[in-house]
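The structure appears right after this line, and notes come after that.
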Amino acid sequence: MTSRKDVDLSSPLDHPVRLYPGEAAPQTNLVLVAQTTSEGARRCFGPFECTCSGEEVTLKASSSFNMLVAGFDEGSFAFSIELADENGDVTAQFVDAEELRRKLACAPDPIDWVSDAELRDALGRVARTGDDPLTKSQMRALKTNIATCSDIEAKMTLTPQRRQRMLSLLKVSEDWNSLPEEIKSAAVEKADPAQLAAYVLSNDHFRDFYDKVMENDQVRDRVEQDRARYQAQVEEARKAAREAAEDMAAARRELATYEEELEAKKAALEQEVAARTEDARRERDALAEEVGRLSSEKRALEEGKLFVERRIRQAVADMSDEAAVSGKLLENELIRQIVTSIAAKEDAAGAGEVAAANAHAAVFGATLRPDEDSLSAQEVLDVLERSIRERAGRDMDRNEVANLMICLTQGYILTLAGLPGTGKTSLASIMAGALGLANRADCRFVEVPVERGWTSYKDFIGYYNPLTKTMEQSNAAVFDAFSRLDGELAAQERPGALPPFLFLLDEANLSSIEHYWAPFLRACDSATGAAVDLSLGGSSLLRVPDHVRFVATVNFDHTTEELSPRFLDRSWVVTLDPEVFDADAEELFSPPCDFKDEPAFSFAKLQETFGPRRDAAPSADLRAKLREVMDVCAKHGHSVSPRSQKMVWGYLRAADGLMDRSTAQSQYAPVDFAVAQKILPLLSGAEERLEGLLRDLGQVNGLPVVKGRVEHMLEVGNGSGYYQYFA
């Protein structure tokens with residue numbers, strides 16, 4: 001910072017320094033103060049510890065630099081960084097603290113900023129305490145102690161200059177104590193009472209003056225005022241004590257009431273537990289009785305079986321002649337062949353049902369955009385932005401649209417999280433429509449309402465029933481879609497020629513998604529785009545191509561399942577905030593947008609536009625900002641999995657060339673979205689493990705989305721001692 005020439009920095013200041021108009025306040029604890037000499041050169045004085053209050057800055061010497069300051073030429077620093085504003089004017093200059101420490105140690109004329117009051121305190125610590133005046137021998141010993149005592153005893157660094165100043169402060173006391181007692185007594189008797197009172201009130205070392213001072217009206221008035229003030233304070237304290245006692249008695253009565261209510265609730269709970277225990281006992285006895293009944297029936301059936309076996313053996317024994325035996329054998333062989341033939345036909349019919357479904361799902365001609373080959377990446381984003389913002393009326397900026405498309409294209413599953421009513425399901429439908437996947441001629445979008453209790457993918461697709469030898473379709477639309485995809489994989493000649501196929505798992509966490517979506521978790525790890533095999537039982541097998549994508553919507557309350565770290569490590573999580581609508585806005589009453597005739601983009605074009613660009617690395621500033629985030633995680637012992645790091649790098653390769661980074665808010669938008677959607681959702685744990693990490697992540701500059709999510713996590717977790725993203 002800069003100060004006026006008339007500010008004298010050769011001794012401690014008793015007043016703050018005002019900043020120049022328009023000058024920025026210091027941003028560090030330690031500062032140097034620059035002054036311009038008469039020759040026009042600039043010298044820097046310091047170091048000082050500063051405290052800012054509006055346009056005023058209070059300076060004091062730093063104890064870490066032994067309360068010493070010095071003057072330095074501005075150009076003498078080997079390390080110096082200048083910070084300029086948009087007009088090119090230098091607003092701040094940063095120097096190295098260690099270099100400043102070395103320069104101060106070598107300064108020929110350091111300035112001692114220790115005040116006389118601080119030296120008197122140190123002198124008191126060195127001197128021997130007592131009521132009697134110091135003798136001459138004691139004064140000589142004290143001088144010796146001042147010259148030889150350590151910094152630890154004085155509790156400050158004692159330079160030779162400071163020791164000399166302490167001896168100077170001691171001289172006044174020494175001269176008085178060395179006077180004969182007769183002279184001191186005569187001085188006390190002849191002293192003016194008013195002057196003596198003023199002196200004694202400011203210094204209590206001369207006890208012989210007390211009686212003389214008490215004759216002064218000023219002193220007596222002062223004593224009476226203090227006595228009255230202290231008496232009032234005592235009465236106020238007694239009153240506060242009585243009120244506290246009353247409050248404590250009321251609290252004890254309230255506590256007794258609570259204890260009575262607690263005992264009543266405890267007794268009621270014990271009765272309820274006893275009643276439920278009795279119900280459970282009766283239910284157990286009923287089950288035991290049922291088990292006994294079934295055991296009796298089992299024994300009866302086994303006895304019947306033995307009886308039948310004995311009758312069969314008896315019948316065989318009755319066939320005494322060879323012709324009768326031969327006839328029976330031929331009859332049994334004929335029956336066996338008939339049964340085998342029927343079973344083979346049923347097996348063939350069951351296995352052929354899936355083949356028939358696949359044949360029914362023959363590849364139809366997809367309605368692709370005729371101009372997609374001529375569109376650049378920015379033009380593709382323009383088309384999708386107009387569809388989502390203007391046609392569908394969704395309030396999203398260009399970077400948010402690009403973010404959705406990158407997450408949908410690069411990830412096998414995109415999770416849309418948020419409170420009920422934030423438009424998660426409608427956004428998934430709008431995305432499908434904008435991509436041309438809701439075309440009436442070739443619909444490639446299926447909504448799957450997730451139900452509670454699902455444990456396998458067969459719960460929402462279907463399975464082969466070995467008893468009936470038929471396929472059981474859990475959801476006809478979903479089964480037909482997967483059968484069609486199996487046929488597309490068999491018939492497709494050029495990878496990516498077809499549009500993607502989108503499945504919406506609505507309210508995906510009503511059941512554990514890690515269980516019923518288990519086969520597709522492997523696809524998230526595939527770097528080659530290999531197909532996923534779904535075995536539905538028997539010889540039924542469906543193959544899912546790599547142009548399939550899933551969107552999952554999730555709510556969070558006591559009725560839903562938590563998302564496991566294994567799933568979150570493989571998914572992008574986009575959180576939707578509630579929108580504030582104008583009650584009179586016409587769009588609230590307009591019909592929904594119709595994308596039934598929208599042509600589709602091919603999967604190859606979407607990969608080219610939004611997929612990870614292996615030939616382009618993220619810019620240096622994005623890499624540096626991501627490294628700053630990773631360093632914060634490493635500092636607090638939080639490791640980011642290699643899978644998540646790989647997904648973040650792929651995201652940055654695509655987003656760097658697509659997103660608008662022209663403003664201060666959006667300068668690091670790719671890193672902001674990637675960290676908020678890939679690293680933060682995996683953070684959950686106790687306060688002592690996560691609070692420091694969250695606060696440091698919230699302090700990383702240029703990441704407004706991350707800052708907002710972190711502040712929400714801290715606010716919700718405050719008081720509970722547990723922080724989590726989905727709260």
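Numbering starts fresh at 1 for the residues of each chain in the structure tokens, the chains themselves are lettered A, B, ... in the order given, and ligands are numbered from 1 as they appear.
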Exercise for the section: Fewer than 5 positions away in the same chain doesn't count, so skip those; otherwise give me all residues within 12 Å of Ala78 (chain A), counting only C-alpha atoms, as a PyMOL selection string. Expected result: chain A and resi 73+94-100+102-103
Based on the selection just made, write C-alpha atoms of those residues as a CSV table (one decimal), in the first residue's frame.
chain,number,residue,atom,x,y,z
A,73,ASP,CA,14.3,0.4,-2.3
A,94,PHE,CA,3.7,-9.0,-4.1
A,95,VAL,CA,7.2,-9.9,-2.7
A,96,ASP,CA,8.6,-13.0,-1.2
A,97,ALA,CA,8.3,-13.1,2.7
A,98,GLU,CA,11.5,-15.1,3.1
A,99,GLU,CA,13.5,-12.6,0.9
A,100,LEU,CA,12.1,-9.8,3.0
A,102,ARG,CA,16.8,-11.9,4.8
A,103,LYS,CA,16.9,-8.3,3.8
Wanna dump the region 62-147 of chain A-region 14-38 of chain A contacts at 12 Å for me, each residue with its shortest atom pair and the distance in Å to one decimal, counting only C-alpha atoms, ordered by chain and number, as JSON lines?
{"residue": "A:Ser62", "atom": "CA", "partner": "A:Leu30", "partner_atom": "CA", "distance": 8.0}
{"residue": "A:Ser63", "atom": "CA", "partner": "A:Leu30", "partner_atom": "CA", "distance": 11.2}
{"residue": "A:Ser64", "atom": "CA", "partner": "A:Leu30", "partner_atom": "CA", "distance": 10.4}
{"residue": "A:Phe65", "atom": "CA", "partner": "A:Leu30", "partner_atom": "CA", "distance": 10.6}
{"residue": "A:Val69", "atom": "CA", "partner": "A:Leu32", "partner_atom": "CA", "distance": 9.5}
{"residue": "A:Ala70", "atom": "CA", "partner": "A:Leu32", "partner_atom": "CA", "distance": 9.8}
{"residue": "A:Gly71", "atom": "CA", "partner": "A:Ala34", "partner_atom": "CA", "distance": 9.1}
{"residue": "A:Phe72", "atom": "CA", "partner": "A:Ala34", "partner_atom": "CA", "distance": 9.2}
{"residue": "A:Asp73", "atom": "CA", "partner": "A:Ala34", "partner_atom": "CA", "distance": 9.3}
{"residue": "A:Glu74", "atom": "CA", "partner": "A:Ala34", "partner_atom": "CA", "distance": 8.0}
{"residue": "A:Gly75", "atom": "CA", "partner": "A:Ala34", "partner_atom": "CA", "distance": 11.7}
{"residue": "A:Leu83", "atom": "CA", "partner": "A:Ala24", "partner_atom": "CA", "distance": 11.4}
{"residue": "A:Ala84", "atom": "CA", "partner": "A:Ala24", "partner_atom": "CA", "distance": 11.5}
{"residue": "A:Asp85", "atom": "CA", "partner": "A:Ala24", "partner_atom": "CA", "distance": 10.8}
{"residue": "A:Asp89", "atom": "CA", "partner": "A:Glu23", "partner_atom": "CA", "distance": 11.1}
{"residue": "A:Val90", "atom": "CA", "partner": "A:Glu23", "partner_atom": "CA", "distance": 10.4}
{"residue": "A:Thr91", "atom": "CA", "partner": "A:Ala24", "partner_atom": "CA", "distance": 6.9}
{"residue": "A:Ala92", "atom": "CA", "partner": "A:Ala24", "partner_atom": "CA", "distance": 8.1}
{"residue": "A:Gln93", "atom": "CA", "partner": "A:Leu32", "partner_atom": "CA", "distance": 9.4}
{"residue": "A:Phe94", "atom": "CA", "partner": "A:Val31", "partner_atom": "CA", "distance": 9.1}
{"residue": "A:Val95", "atom": "CA", "partner": "A:Leu32", "partner_atom": "CA", "distance": 9.3}
{"residue": "A:Asp96", "atom": "CA", "partner": "A:Leu30", "partner_atom": "CA", "distance": 10.9}
{"residue": "A:Ala97", "atom": "CA", "partner": "A:Leu30", "partner_atom": "CA", "distance": 8.7}
{"residue": "A:Leu100", "atom": "CA", "partner": "A:Leu32", "partner_atom": "CA", "distance": 9.8}
{"residue": "A:Arg101", "atom": "CA", "partner": "A:Leu30", "partner_atom": "CA", "distance": 11.9}
{"residue": "A:Trp113", "atom": "CA", "partner": "A:Asp14", "partner_atom": "CA", "distance": 11.6}
{"residue": "A:Ser115", "atom": "CA", "partner": "A:Asp14", "partner_atom": "CA", "distance": 10.4}
Problem - Residue nearest Leu13 (chain A) among A:Ala61, A:Ala249, A:Ala727, A:Ala228 (counting only C-alpha atoms) - result: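 That would be A:Ala61, the residue with the smallest distance to Leu13 (chain A).
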Problem - Pick from A:Gly453, A:Pro466, A:Gly685, A:Pro704, whichever lies nearest to Phe726 (chain A) using only C-alpha atoms - result: A:Gly685
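Going from CA of Arg394 (chain A) to CA of Cys593 (chain A) covers 10.6 Å.
In terms of minimum interatomic distance to Leu563 (chain A), A:Ala508 ranks closest within A:Val671, A:Ala508, A:Ile679, A:Ala267, counting only C-alpha atoms.
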Exercise for the section: Quote the spacing between CA of His636 (chain A) and CA of Asn701 (chain A) in Å to one decimal place. Expected result: 18.2 Å
Problem - Of the listed residues A:Leu9, A:Tyr723, A:Leu169, A:Arg661, that which approaches Glu118 (chain A) most closely, counting only C-alpha atoms - result: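 Going through A:Leu9, A:Tyr723, A:Leu169, A:Arg661 one by one, the smallest distance to Glu118 (chain A) is for A:Leu169.
Our summary of the geometry notes that CA of Glu691 (chain A) is positioned 26.1 Å from CA of Pro578 (chain A).
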Per residue of region 641-722 of chain A within 10 Å of region 407-418 of chain A, note the shortest atom pair and the distance in Å to one decimal, counting only C-alpha atoms, and order the rows by chain and increasing residue number, as a tab-separated table.
residue	atom	partner	partner_atom	distance
A:Met647	CA	A:Gln410	CA	8.0
A:Gly650	CA	A:Gln410	CA	7.8
A:Tyr651	CA	A:Gln410	CA	7.6
A:Ala654	CA	A:Gln410	CA	9.6
A:Ala674	CA	A:Cys407	CA	9.3
A:Gln677	CA	A:Cys407	CA	9.4
Taking N, CA, C and O atoms for each residue, export the selection above as a CSV table (one decimal), in the first residue's frame.
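Saved to out-v8.csv:
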chain,number,residue,atom,x,y,z
A,647,MET,N,-13.3,-39.9,-16.6
A,647,MET,CA,-14.5,-39.3,-17.1
A,647,MET,C,-14.4,-37.7,-17.1
A,647,MET,O,-14.9,-37.1,-18.0
A,650,GLY,N,-12.3,-36.6,-20.1
A,650,GLY,CA,-13.0,-36.7,-21.3
A,650,GLY,C,-14.0,-35.6,-21.4
A,650,GLY,O,-14.2,-35.1,-22.5
A,651,TYR,N,-14.7,-35.3,-20.3
A,651,TYR,CA,-15.6,-34.2,-20.3
A,651,TYR,C,-14.9,-32.9,-20.7
A,651,TYR,O,-15.5,-32.1,-21.5
A,654,ALA,N,-14.2,-32.3,-24.5
A,654,ALA,CA,-15.3,-31.9,-25.3
A,654,ALA,C,-15.8,-30.5,-24.9
A,654,ALA,O,-16.1,-29.6,-25.8
A,674,ALA,N,-18.0,-30.2,-14.2
A,674,ALA,CA,-17.4,-31.6,-14.0
A,674,ALA,C,-17.2,-31.9,-12.6
A,674,ALA,O,-17.6,-33.0,-12.1
A,677,GLN,N,-20.6,-32.4,-10.7
A,677,GLN,CA,-21.4,-33.5,-11.1
A,677,GLN,C,-20.7,-34.8,-11.0
A,677,GLN,O,-21.4,-35.9,-11.1
